[in-house]
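Accompanying notes for the structure given below.
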Amino acid sequence: MIDRELFQLAGAKSISQKLAGLDVLQAFLIVGQALALSAVITQLWQGHSLNWPLLAGFAACFTGRQLLTWLSDRWLDHYAGQTAQTLRRRLLAKLFQQGPALVQAQGTGSMITMTLDGIAEVRQYIKLLFSKTLAMMIVPVVVLIAAGCLDLRSAAILLLMYPLIVMFMIILGKAAQAKAEKQFGNFQKLSNNFIDSLRGIATLKYLGLSKRYSRSIFNSSEHFRERTMRVLKIAMLSTFALDFFTTLSIAVIAVYLGFDLIKGKIDLYPALAVLILAPEYFLPIRNFASDFHATLNGKNSFKRIHQLINQPTPPTVDLALHEWGAGDELKLDRVQFKYQNGAAIAPLTLTIRGYQKVGIIGMSGAGKTTLINLLSGFLTPTAGQIAIQGHPDLASLDIPDWRRQLLYIPQNPYVFTATLRENIAFYTPDVSDKQVLEAIKVVGLEDLLADLPEGLDTVIGSGRRVLSGGQVQRIALARAFLDKQRRVMIFDEPTAHLDIETELDLKARMLPLMDQRLVFFATHRLHWMKEMDYILVMNHGKLVGQGTFADLQQDNEYFQQLMKEMRGED
Amino acid sequence: MFKRISLLRALKRDRWVRPFLRRYRKTLIFAITIGVVTFVCGAGLMFSAGFLISKSATRPENILLVYVPIVLTRAFGIARPAFRYLERLVSHNWVLKMTSRLRQRLYDTLERDATSFSSKYQLGDILGLLSDDIHHIQNLYLRTLFPMFVAWGLYALIVVAFGILSPLMGLWMLILFGLMIFAIPLWSVLVNGARQEYEKDVKDQLYVNLTDNVLGIADWVLAGRSNAYLQLHDQNERQYLATARAMHRFERLRDFLMQLLVLLLVISLLIWGAARFGGQAGGPANWIAAFVLAAFPLIDAIAPLPAAAQETNVYTNSLVRLNNLPAPTGQSTTAPTITLPAALQVRDLHYTYPETSKEVLRGISLAIKPGEKLAILGRSGAGKSTLAALLRGDRTPTAGSVTLNGVPTAQFGDQIADYISVINQQPYLFNTTIANNVRLGNEAASDDDIWAVLRRVGLAKMVADLPHGLDTKVDEAGLRFSGGERHRLALARILLKDTPIILLDEPTVGLDPITEQAVINTIFKQLAGKTLIWITHHLQGIDHFDQVIFIEDGQLAMHGTPTGLWRTNQRYRELKKADQGL
């Protein structure tokens, strides 16, 4: 129920000691408060006038108790905040250190939720767990001892009730869980059903079904309600049990005390004190139970974040590489990669020299993107050796010096929600406006610039102004144009989704940028092949051919067949 | 002062909360009454217990003299948890019932403009957002409105009860509980509500910011600027954390003050009790313990109010967003009917989007004969999709006309679905079985019909190999199927629908050429004889068409048959060659 890892966090020990101290003090104040109050009442009952000093004592205990709550909350808040902050820093550092591979594995949405909501939940979790569990372990014990000193039988009733409550809560909790799990399939389906219908609303409209579907939304939601209520009926029983045993024991204690009082076995003062203490005895466990569900999310988040932070990072190769030159060489020797789901790249061997334009062609799923990710160092091969610029026997291309030379242009390059200038100068933040404007001219973004109300300072990106696929590619090209230090370009299907006219225009602007650079270009658009110096043909994760366009056309059967099929001639 | 409470502002012209409160008034009142009774039982338990032991301490000779308080103590002890359980069930049931209505309402609201969705609500996430809003309204009911109403009920009860016993004490209770039930929550909304709203804004901003940068993470890493971003995030977060800290500081102070008020309540009850019942041993003095002890359980009803009140500011956005949606109109006109075959005629068509000045289409004329295949090409933004929307009658021309056998297409309303089907870029597959998804085309279709169309689109073998065949669930958003397969499923749906005209809006974007060609071949083979209007971005499979048009700047730049254009048009030849890699 309680994470051991949580108590291993930095500072956990010292804060829990401090809190335990406060809790002990608080428990004594609770007892003091009860004794003072019952003394005041008893004296009034005896016909005396109000005992002001005793009343002041009660007020002091009461106030003191609240002050301690204040203090412990403050300490915990500080501690939880600090701890969460540290976790958040480590999580983001991990994320930005490992980059796309980690995001791909976890999903963008889940990473973001984890960083923001997850951390907030963990913070809440730490706060609740430390305060509520400690209070639950300390306060009832002190209160019970005090009650025992006042009246043994009442204390015995209190003691007996505690395990009963815990037992029933566990049993009923389990029952509710079982019931919920049994219905979980439907449960999930019905709650997703609504969003699903909203997403598909256009399709429904196209099929002429949308009006009629409205009724079905209501019905399935009602169905959902009935099922939810069935689960809630049981789930809420555990709160009921807690409530029931609490109030029942108070009632039982009151009745027994009444009998004893009539028989003269006990005085009013201790009897009243016990009656006042009884609810205090149950208060910590009630607090704990009411927050228990709130902490479950935090517990899961904590576990996931903890796992992620402690995941081993694939080792980067620290190697001094110089700017890629005409005489440099990159060799892959029997390099392989296996995904966890079983897809794989078969051992491939190739040698690339100098400023070549290397085309990578194949059907979707042939392994083009995986090869690209291996070349850019985003993925680490599972076997094989790589040699670069004469450094032999490398396990991967995850080399900081290599990354510094890469220009990576995927099908949908990312445009940040930032100004046009910031977006274009992302890789070269120090360039002048003149250079940015020149880049805009070279890649053909003048029309966009003319359209923007604040020129270079206009914020673009998905949050503001959505750009067309062609414009996005042009921004990526402008980045490449500005960063003349980077001599390696990697393209992953950059033009397949564009209309043919835009594609041809972009091609004309791309080709000059490829001069004096090493280029890897994955595509299934045929017209690019003629521009390539060397072509790699992929099929089902295998490198089934490599050579110049002319060579492949001559003697690679699969390549010929591929060309033919892609043209739609069969 | 009340103007600063944003929830009240939002509720002023509200169509999403108040009507439902009114509609389900009876159950609501029932739930609130049970809520009040729950707390009355809680206080009653301590009241009767306090009286019971005080009275017993006077050592009455007969146990029957304390019989009533004994019974009451037990009864309250059992009734309190029972009523609490009941109250929670009733209120949850009530809220869920409302949710059903809210969902239906949201759906109806969105249904009206379903086809122009993407242009109207840029972010696909808006749907998720709206459905979260419904969830927020649920919380607003359960966590704020219910407890508030219950506390008000209790307040009235306490004040009236004390007012009857002694008017002065009644007045004092009016003030004291007024402070706890109204003043402190109000203060909380005013001070912390603003903070909470600000915190939420900052957090939303953080969200947007982080999403933006995680999506662009490859660029941060490759540019070697990861650390720059980490620092930036730290900086952005600082504001958020500072606000949160200020809020917590305030909450601690507020809760402490609340407890001091409780202390004041207990002390004033003691003083009042001493004056009213004190002075002699036993007798009326038995009531003192009863009144004082009864005060403590009431805290449970009041303590959560300030936090609940403060939270309302967070829900306000949801309420405003929902209220800003257009109200659904229940108009249903009788659609005209036409006799097949169906011919589309476009005459001098002009279109300008509402509230814009740029004319998207500028004088397009076309005749699409029954069974003809038309390809529409053009750059993105040239007006292809607008033309499609006009053809289907989702939009009304600003000038000129689009007619189906002489009837303007916009007049058909939903009935247009009987004549024109659509396959778009991302065919939506619902999260249900394959059979259900295909059957959307024709709800009366038998399993045999479904197998027949699956065979025609080339999916029969693949579906037969699935563990549950037709009853296999399409995973959420159809991710289980590859791009080509999704298109084939969508096509199967269209085949069942069997309309004379099919509109395809760039259906094969993102497929590799071989898969694309295969899909194209299937479509042409299976839809032979039907009218096809195909918007496309390149020239794969172009020779299958009877007519090709290129739209440029809202006008027809090229128009002809594929062979005709190949013979006479230089530009067409260049594009075609490039596409073929020749």
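Scheme for the structure tokens: letters A, B, ... for chains in order shown; per-chain residue numbers from 1; ligand numbers from 1 in order shown.
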From a DSSP calculation on the backbone, collect every residue of region 465-498 of chain A in helix (DSSP H, G or I) and output the set as a ChimeraX atom specification. /A:469-482
Selection export as a compact mmCIF listing (two decimals), in the first residue's frame, atoms kept: C-alpha atoms:
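This went into again-v6.txt:
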```
# COMPACT_ATOMS: atom_id res chain seq x y z
CA GLY A 469 2.72 21.13 -45.82
CA GLY A 470 4.74 22.95 -48.47
CA GLN A 471 5.38 25.96 -46.27
CA VAL A 472 6.56 23.74 -43.45
CA GLN A 473 9.07 22.07 -45.74
CA ARG A 474 10.29 25.44 -46.85
CA ILE A 475 10.93 26.46 -43.26
CA ALA A 476 12.99 23.32 -42.75
CA LEU A 477 14.94 24.13 -45.88
CA ALA A 478 15.54 27.67 -44.70
CA ARG A 479 17.04 26.25 -41.51
CA ALA A 480 19.30 24.10 -43.63
CA PHE A 481 20.27 27.04 -45.79
CA LEU A 482 21.31 29.11 -42.77
```
For Gly283 (chain B), work out the shell of residues within 12 Å, counting only C-alpha atoms and skipping chain neighbours fewer than 2 positions away, then give it as a list in words. Leu44, Trp45, Gln46 and Gly47 of chain A; Phe51, Ser54, Lys55, Ser56, Ala57, Thr58, Arg59, Pro60, Arg276, Phe277, Gly278, Gly279, Gln280, Ala281, Ala285, Asn286, Trp287 and Ile288 of chain B
Kindly export the residues of the current selection with C-alpha atoms, as a compact mmCIF listing (two decimals), in the first residue's frame.
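The file below, result18.txt, is the result:
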```txt
# COMPACT_ATOMS: atom_id res chain seq x y z
CA LEU A 44 -21.48 23.71 34.81
CA TRP A 45 -23.56 20.58 35.22
CA GLN A 46 -22.70 20.55 38.91
CA GLY A 47 -24.24 24.01 39.17
CA PHE B 51 -27.83 14.45 27.01
CA SER B 54 -25.61 13.97 31.59
CA LYS B 55 -29.03 12.71 32.50
CA SER B 56 -27.63 9.33 33.59
CA ALA B 57 -25.13 11.13 35.80
CA THR B 58 -28.08 12.50 37.77
CA ARG B 59 -28.66 8.81 38.64
CA PRO B 60 -32.37 8.50 37.81
CA ARG B 276 -29.61 29.51 30.09
CA PHE B 277 -29.40 26.08 31.72
CA GLY B 278 -26.74 26.50 34.43
CA GLY B 279 -26.94 27.55 38.06
CA GLN B 280 -28.07 24.32 39.63
CA ALA B 281 -26.88 20.74 39.54
CA ALA B 285 -27.91 21.62 32.97
CA ASN B 286 -28.15 18.24 31.21
CA TRP B 287 -28.69 20.16 27.99
CA ILE B 288 -25.32 21.92 28.11
```
Leaving out region 50-52 of chain A and any residue of its chain fewer than 2 positions from it, which residues lie within 9 Å of it when counting only C-alpha atoms, given as a VMD selection string? (chain A and resid 39 to 41 43 to 44 48 54 to 57) or (chain B and resid 270 to 271 274 to 275 278)
Restrict the selected residues to C-alpha atoms and save them as a PDB file, in the first residue's frame.
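selection.pdb, freshly written:
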```pdb
ATOM      1  CA  ALA A  39     -14.179  19.555  32.946  1.00  0.00           C
ATOM      2  CA  VAL A  40     -15.837  22.843  31.991  1.00  0.00           C
ATOM      3  CA  ILE A  41     -19.106  21.110  31.166  1.00  0.00           C
ATOM      4  CA  GLN A  43     -18.586  21.979  36.514  1.00  0.00           C
ATOM      5  CA  LEU A  44     -21.484  23.707  34.812  1.00  0.00           C
ATOM      6  CA  HIS A  48     -20.991  25.966  39.354  1.00  0.00           C
ATOM      7  CA  LEU A  54     -10.400  25.981  32.332  1.00  0.00           C
ATOM      8  CA  LEU A  55     -12.198  27.389  29.331  1.00  0.00           C
ATOM      9  CA  ALA A  56      -9.035  29.297  28.432  1.00  0.00           C
ATOM     10  CA  GLY A  57      -7.155  26.016  28.747  1.00  0.00           C
TER      11      GLY A  57
ATOM     12  CA  LEU B 270     -20.848  27.094  26.574  1.00  0.00           C
ATOM     13  CA  ILE B 271     -21.497  30.638  27.687  1.00  0.00           C
ATOM     14  CA  ALA B 274     -24.225  28.326  31.292  1.00  0.00           C
ATOM     15  CA  ALA B 275     -26.529  31.312  31.281  1.00  0.00           C
ATOM     16  CA  GLY B 278     -26.740  26.503  34.429  1.00  0.00           C
TER      17      GLY B 278
END
```
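Among the candidates B:His233, B:Arg488, B:Lys358, B:His538, the residue lying nearest to chain A is B:His538 (atoms considered: only C-alpha atoms).
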Tell me, which residues of region 341-540 of chain B carry DSSP strand (DSSP E), written as a ChimeraX atom specification? /B:344-352,359-368,373-378,399-404,407-408,420-423,501-505,531-535
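Ranking B:Pro370, B:Pro427, B:Gly170, B:Gly393 by their shortest atom-to-atom distance to chain A, with only C-alpha atoms included, puts B:Pro427 first.
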Within 8 Å of Val519 (chain B), counting only C-alpha atoms, which residues qualify if same-chain residues fewer than 5 places away don't, as number ranges by chain? B: 484, 487-488, 508
Between CA of Gln405 (chain A) and CA of Leu222 (chain B), what is the distance, to one decimal in Å? 8.5 Å
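All residues of protein, DNA or RNA that reach within 8 Å of Gly383 (chain B), judged by only C-alpha atoms and not counting those fewer than 6 positions away in the chain, are Val360, Leu361, Ile551, Glu552, Asp553 and Gly554 of chain B.
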Got a sec: who's within 8 Å of Ala343 (chain B), counting only C-alpha atoms, leaving out chain neighbours fewer than 3 positions off, as a list in words? Ala367, Ile368, Lys369, Pro370, Leu404 and Asn405 of chain B
Skipping near chain neighbours, those fewer than 2 positions away, what residues fall within 12 Å of region 443-455 of chain B using only C-alpha atoms, listed as a count of residues only? 40
